[in-house]
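Asker: Data: my_file26.cif, mmCIF, C-alpha atoms.
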```cif
data_protein
loop_
_atom_site.group_PDB
_atom_site.id
_atom_site.type_symbol
_atom_site.label_atom_id
_atom_site.label_comp_id
_atom_site.auth_asym_id
_atom_site.auth_seq_id
_atom_site.Cartn_x
_atom_site.Cartn_y
_atom_site.Cartn_z
ATOM 1 C CA MET J 27 -73.576 -20.836 -71.820
ATOM 2 C CA THR J 28 -72.681 -22.666 -74.969
ATOM 3 C CA GLU J 29 -74.262 -25.749 -76.433
ATOM 4 C CA LYS J 30 -70.958 -27.048 -77.788
ATOM 5 C CA GLN J 31 -70.560 -30.588 -76.549
ATOM 6 C CA THR J 32 -67.407 -32.621 -76.210
ATOM 7 C CA THR J 33 -68.779 -35.895 -77.503
ATOM 8 C CA GLY J 34 -70.742 -34.722 -80.508
ATOM 9 C CA VAL J 35 -74.094 -35.695 -79.025
ATOM 10 C CA SER J 36 -77.311 -34.272 -80.371
ATOM 11 C CA ARG J 37 -78.616 -31.017 -78.968
ATOM 12 C CA SER J 38 -82.083 -32.495 -78.471
ATOM 13 C CA ASN J 39 -82.947 -33.601 -74.974
ATOM 14 C CA PRO J 40 -83.017 -37.277 -74.037
ATOM 15 C CA GLN J 41 -86.429 -38.873 -73.820
ATOM 16 C CA THR J 42 -85.697 -41.531 -71.204
ATOM 17 C CA VAL J 43 -83.895 -41.620 -67.868
ATOM 18 C CA THR J 44 -81.469 -44.167 -69.312
ATOM 19 C CA GLU J 45 -80.612 -41.816 -72.188
ATOM 20 C CA LEU J 46 -80.267 -38.924 -69.714
ATOM 21 C CA LEU J 47 -77.917 -40.846 -67.431
ATOM 22 C CA ASP J 48 -75.829 -42.007 -70.396
ATOM 23 C CA LEU J 49 -75.526 -38.471 -71.758
ATOM 24 C CA ILE J 50 -74.613 -37.052 -68.360
ATOM 25 C CA ALA J 51 -72.052 -39.827 -67.857
ATOM 26 C CA ARG J 52 -70.393 -39.041 -71.207
ATOM 27 C CA GLU J 53 -70.299 -35.268 -70.736
ATOM 28 C CA ARG J 54 -69.366 -35.343 -67.040
ATOM 29 C CA GLY J 55 -66.832 -38.044 -67.829
ATOM 30 C CA ALA J 56 -65.068 -35.609 -70.167
ATOM 31 C CA LEU J 57 -64.906 -33.090 -67.309
ATOM 32 C CA GLU J 58 -63.635 -35.725 -64.890
ATOM 33 C CA GLN J 59 -61.010 -36.776 -67.450
ATOM 34 C CA ALA J 60 -59.872 -33.169 -67.918
ATOM 35 C CA VAL J 61 -58.785 -33.044 -64.258
ATOM 36 C CA ALA J 62 -57.994 -36.713 -63.630
ATOM 37 C CA ASN J 63 -54.213 -36.392 -63.834
ATOM 38 C CA MET J 64 -53.926 -32.939 -62.293
ATOM 39 C CA GLY J 65 -52.118 -32.710 -58.981
ATOM 40 C CA ASP J 66 -53.318 -30.315 -56.321
ATOM 41 C CA ASP J 67 -50.990 -27.530 -57.451
ATOM 42 C CA ALA J 68 -52.111 -27.795 -61.068
ATOM 43 C CA LEU J 69 -55.766 -27.977 -60.044
ATOM 44 C CA ALA J 70 -55.422 -24.817 -57.947
ATOM 45 C CA ALA J 71 -53.289 -22.856 -60.441
ATOM 46 C CA THR J 72 -54.998 -19.936 -62.116
ATOM 47 C CA SER J 73 -54.284 -18.292 -65.391
ATOM 48 C CA GLU J 74 -56.668 -15.805 -66.910
ATOM 49 C CA GLY J 75 -59.528 -16.421 -64.504
ATOM 50 C CA TRP J 76 -60.676 -19.448 -62.598
ATOM 51 C CA SER J 77 -58.559 -22.439 -61.668
ATOM 52 C CA ALA J 78 -59.673 -25.965 -62.524
ATOM 53 C CA LYS J 79 -60.559 -26.284 -58.822
ATOM 54 C CA ASP J 80 -62.856 -23.251 -59.155
ATOM 55 C CA HIS J 81 -64.600 -24.885 -62.120
ATOM 56 C CA LEU J 82 -65.163 -28.105 -60.169
ATOM 57 C CA ALA J 83 -66.541 -26.225 -57.153
ATOM 58 C CA HIS J 84 -68.844 -24.249 -59.461
ATOM 59 C CA VAL J 85 -70.175 -27.383 -61.184
ATOM 60 C CA ALA J 86 -70.725 -29.150 -57.858
ATOM 61 C CA ALA J 87 -72.638 -26.150 -56.459
ATOM 62 C CA TRP J 88 -74.941 -25.982 -59.491
ATOM 63 C CA GLU J 89 -75.484 -29.750 -59.374
ATOM 64 C CA ARG J 90 -76.468 -29.493 -55.705
ATOM 65 C CA ARG J 91 -78.821 -26.636 -56.540
ATOM 66 C CA LEU J 92 -80.402 -28.748 -59.274
ATOM 67 C CA ILE J 93 -80.862 -31.724 -56.971
ATOM 68 C CA GLY J 94 -82.437 -29.451 -54.396
ATOM 69 C CA GLU J 95 -84.863 -27.965 -56.894
ATOM 70 C CA ILE J 96 -85.899 -31.415 -58.107
ATOM 71 C CA GLN J 97 -86.461 -32.497 -54.513
ATOM 72 C CA GLY J 98 -88.512 -29.382 -53.758
ATOM 73 C CA ASP J 99 -85.933 -27.385 -51.804
ATOM 74 C CA ARG J 100 -86.188 -23.658 -52.046
ATOM 75 C CA THR J 101 -83.475 -22.421 -54.374
ATOM 76 C CA ALA J 102 -83.021 -19.170 -52.447
ATOM 77 C CA GLU J 103 -82.196 -21.076 -49.280
ATOM 78 C CA ARG J 104 -79.841 -23.392 -51.159
ATOM 79 C CA PHE J 105 -77.826 -20.304 -52.168
ATOM 80 C CA GLY J 106 -78.098 -18.860 -48.663
ATOM 81 C CA LEU J 107 -80.258 -15.920 -49.747
ATOM 82 C CA ASP J 108 -83.634 -14.572 -48.766
ATOM 83 C CA GLU J 109 -86.365 -14.594 -51.444
ATOM 84 C CA GLU J 110 -86.016 -10.871 -52.236
ATOM 85 C CA SER J 111 -82.240 -11.056 -52.720
ATOM 86 C CA PHE J 112 -82.593 -14.250 -54.726
ATOM 87 C CA GLY J 113 -85.150 -12.662 -57.047
ATOM 88 C CA ALA J 114 -82.822 -9.723 -57.719
ATOM 89 C CA THR J 115 -79.759 -11.876 -58.466
ATOM 90 C CA ASN J 116 -78.820 -12.982 -61.983
ATOM 91 C CA THR J 117 -76.716 -15.985 -63.019
ATOM 92 C CA ASP J 118 -73.478 -13.985 -63.246
ATOM 93 C CA ASP J 119 -74.042 -12.685 -59.709
ATOM 94 C CA PHE J 120 -74.663 -16.254 -58.485
ATOM 95 C CA ASN J 121 -71.494 -17.430 -60.168
ATOM 96 C CA ALA J 122 -69.466 -14.618 -58.584
ATOM 97 C CA MET J 123 -70.984 -15.439 -55.199
ATOM 98 C CA LEU J 124 -70.167 -19.130 -55.603
ATOM 99 C CA TYR J 125 -66.619 -18.331 -56.694
ATOM 100 C CA ALA J 126 -66.054 -16.147 -53.628
ATOM 101 C CA ARG J 127 -67.578 -18.807 -51.392
ATOM 102 C CA HIS J 128 -65.439 -21.700 -52.643
ATOM 103 C CA ARG J 129 -62.180 -20.208 -53.913
ATOM 104 C CA ASP J 130 -60.297 -20.748 -50.645
ATOM 105 C CA HIS J 131 -61.531 -24.288 -50.037
ATOM 106 C CA PRO J 132 -58.775 -26.899 -49.985
ATOM 107 C CA THR J 133 -58.331 -28.848 -53.208
ATOM 108 C CA ALA J 134 -59.089 -32.171 -51.503
ATOM 109 C CA MET J 135 -62.390 -30.767 -50.221
ATOM 110 C CA VAL J 136 -63.383 -29.536 -53.691
ATOM 111 C CA ARG J 137 -62.469 -32.858 -55.315
ATOM 112 C CA ALA J 138 -64.500 -34.745 -52.704
ATOM 113 C CA GLU J 139 -67.542 -32.489 -53.141
ATOM 114 C CA PHE J 140 -67.315 -32.744 -56.926
ATOM 115 C CA ARG J 141 -67.337 -36.559 -56.689
ATOM 116 C CA ALA J 142 -70.131 -36.513 -54.101
ATOM 117 C CA SER J 143 -72.336 -34.143 -56.095
ATOM 118 C CA GLY J 144 -71.944 -36.335 -59.179
ATOM 119 C CA GLU J 145 -72.959 -39.419 -57.234
ATOM 120 C CA ALA J 146 -75.905 -37.598 -55.640
ATOM 121 C CA LEU J 147 -76.992 -36.448 -59.091
ATOM 122 C CA ARG J 148 -76.928 -39.982 -60.509
ATOM 123 C CA THR J 149 -78.856 -41.281 -57.499
ATOM 124 C CA ALA J 150 -81.497 -38.547 -57.730
ATOM 125 C CA PHE J 151 -81.985 -39.016 -61.468
ATOM 126 C CA ALA J 152 -82.108 -42.807 -61.248
ATOM 127 C CA GLY J 153 -85.230 -42.369 -59.109
ATOM 128 C CA LEU J 154 -87.037 -40.486 -61.882
ATOM 129 C CA SER J 155 -89.379 -42.068 -64.391
ATOM 130 C CA ASP J 156 -89.318 -41.338 -68.103
ATOM 131 C CA ALA J 157 -92.628 -39.513 -67.651
ATOM 132 C CA ASP J 158 -91.057 -37.323 -64.927
ATOM 133 C CA LEU J 159 -88.611 -35.948 -67.484
ATOM 134 C CA MET J 160 -91.477 -34.446 -69.481
ATOM 135 C CA ARG J 161 -93.163 -32.922 -66.415
ATOM 136 C CA PRO J 162 -93.695 -29.163 -66.821
ATOM 137 C CA VAL J 163 -91.551 -26.937 -64.593
ATOM 138 C CA ARG J 164 -91.002 -23.174 -64.337
ATOM 139 C CA PRO J 165 -94.032 -22.042 -66.353
ATOM 140 C CA ASP J 166 -92.640 -18.479 -66.550
ATOM 141 C CA ASP J 167 -89.311 -19.568 -68.058
ATOM 142 C CA PRO J 168 -89.556 -20.362 -71.785
ATOM 143 C CA GLY J 169 -86.092 -22.006 -71.785
ATOM 144 C CA VAL J 170 -87.119 -24.504 -69.134
ATOM 145 C CA GLU J 171 -90.449 -26.031 -70.075
ATOM 146 C CA THR J 172 -89.852 -29.558 -68.785
ATOM 147 C CA LEU J 173 -87.803 -31.228 -66.088
ATOM 148 C CA VAL J 174 -85.347 -32.545 -68.670
ATOM 149 C CA ASP J 175 -84.834 -28.955 -69.886
ATOM 150 C CA LEU J 176 -83.979 -27.926 -66.332
ATOM 151 C CA ILE J 177 -81.632 -30.865 -65.879
ATOM 152 C CA SER J 178 -79.888 -30.252 -69.198
ATOM 153 C CA TRP J 179 -78.690 -26.729 -68.357
ATOM 154 C CA ASP J 180 -76.937 -27.794 -65.155
ATOM 155 C CA THR J 181 -75.501 -31.052 -66.498
ATOM 156 C CA TYR J 182 -74.675 -32.179 -70.029
ATOM 157 C CA LYS J 183 -75.085 -28.708 -71.591
ATOM 158 C CA HIS J 184 -73.077 -27.147 -68.747
ATOM 159 C CA TYR J 185 -70.060 -29.442 -68.500
ATOM 160 C CA PRO J 186 -68.526 -28.791 -71.952
ATOM 161 C CA GLU J 187 -67.846 -25.106 -71.285
ATOM 162 C CA HIS J 188 -65.905 -26.079 -68.162
ATOM 163 C CA VAL J 189 -63.976 -28.777 -70.012
ATOM 164 C CA ALA J 190 -63.027 -26.172 -72.628
ATOM 165 C CA ALA J 191 -61.930 -23.660 -69.998
ATOM 166 C CA ILE J 192 -59.866 -26.215 -68.075
ATOM 167 C CA THR J 193 -58.183 -27.614 -71.176
ATOM 168 C CA GLY J 194 -57.619 -24.193 -72.725
ATOM 169 C CA GLN J 195 -60.031 -24.724 -75.604
ATOM 170 C CA SER J 196 -62.382 -21.865 -74.728
#
```
Turn the structure described in the file into structure tokens.
Answerer:
Amino acid sequence: MTEKQTTGVSRSNPQTVTELLDLIARERGALEQAVANMGDDALAATSEGWSAKDHLAHVAAWERRLIGEIQGDRTAERFGLDEESFGATNTDDFNAMLYARHRDHPTAMVRAEFRASGEALRTAFAGLSDADLMRPVRPDDPGVETLVDLISWDTYKHYPEHVAAITGQS
């Protein structure tokens, strides 16, 4: 995970929901732009790893996981795992599992889910207060002290690496 960002925004977390939504819109917008003019064949083409379609499916899955966690869903169930398996699985294993799960999905389905997850994300975050962003979460995870920390890793800090991979800048 890199903290390189496509729009030159600060690495510090936003302090308000408005700032958060603006930052997500800018960073996700760069990802949306990277695939905007790609036809289905180009989106599904692979070279040296994942296709652009695979990147979109991956982002959508992590966005859905984030929404679920914010809404109190159990993350293990969201990934289709029992608690023991979930606890023994690292991020790379999750990513491999998600890749295997979505790689054969039709391009139109992936595009639709990517759009839908982005809309669901905006809707979920619009319902938060500025104070909610500073709410403590995951007390055992030093990288995720507050809700905005959690949100950042699956949104505006996450998108740039996928933009770079899709555009060949990684």
Asker: Find the residues of stretch 117-184 of chain J that sit at most 8 Å from stretch 44-56 of chain J; for each, write down the nearest two atoms and how far apart they are in Å, to one decimal. Count all atoms listed in the file. Sort by chain, then by number going up, and give it as a Markdown table.
Answerer:
```
| residue | atom | partner | partner_atom | distance |
| --- | --- | --- | --- | --- |
| J:Arg148 | CA | J:Leu47 | CA | 7.0 |
| J:Phe151 | CA | J:Leu47 | CA | 7.4 |
| J:Ala152 | CA | J:Leu47 | CA | 7.7 |
| J:Thr181 | CA | J:Ile50 | CA | 6.3 |
| J:Tyr182 | CA | J:Ile50 | CA | 5.2 |
```
Asker: Could you state the separation of atom CA of J:Thr72 and atom CA of J:Pro132 in Å, given to one decimal place?
Answerer: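 Between atom CA of J:Thr72 and atom CA of J:Pro132 the gap works out to 14.5 Å.
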Asker: Rounded to one decimal in Å, what is the spacing between atom CA of J:Gly153 and atom CA of J:Ile93?
Answerer: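 Spanning atom CA of J:Gly153 to atom CA of J:Ile93 is a straight-line distance of 11.7 Å.
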Asker: Got a sec to resolve the PyMOL selection byres ((chain J and resi 125) around 12) on this structure and send the residues as an MDAnalysis selection string?
Answerer: chainID J and resid 75:88 118:124 126:131
Asker: Between J:Arg137, J:Asp66, J:Glu58, J:Pro40, which has the minimum distance to J:Ser178 (counting all atoms listed in the file)?
Answerer: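 Counting all atoms listed in the file, the residue closest to J:Ser178 is J:Pro40.
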Asker: Between J:Leu154, J:Val189, J:Ala146, J:Leu159, single out the one closest to J:Arg91, counting all atoms listed in the file.
Answerer: J:Ala146
Asker: Go through J:Thr117, J:Thr133, J:Asn39, J:Gln97 and flag the residue nearest J:Asp67, using all atoms listed in the file for the distances.
Answerer: J:Thr133
Asker: Figure out the distance between atom CA of J:Gln41 and atom CA of J:Asp99, please, to one decimal in Å.
Answerer: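 Atom CA of J:Gln41 lies at a distance of 24.8 Å from atom CA of J:Asp99.
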Asker: Name the closest residue to J:Ala150 among the candidates J:Leu92, J:Val136, J:Leu176, J:Ala114; distances are taken between atoms, counting all atoms listed in the file.
Answerer: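 Result for the nearest residue to J:Ala150: J:Leu92.
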Asker: For J:Gly194, which of J:Gly94, J:Leu69, J:Pro165, J:Glu74 is the closest residue, counting only C-alpha atoms?
Answerer: J:Glu74
Asker: Pick out the closest residue to J:Glu139 from this set: J:Asp156, J:Glu171, J:Glu110, J:Glu89. Count only C-alpha atoms.
Answerer: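 Of J:Asp156, J:Glu171, J:Glu110, J:Glu89, the one nearest J:Glu139, counting only C-alpha atoms, is J:Glu89.
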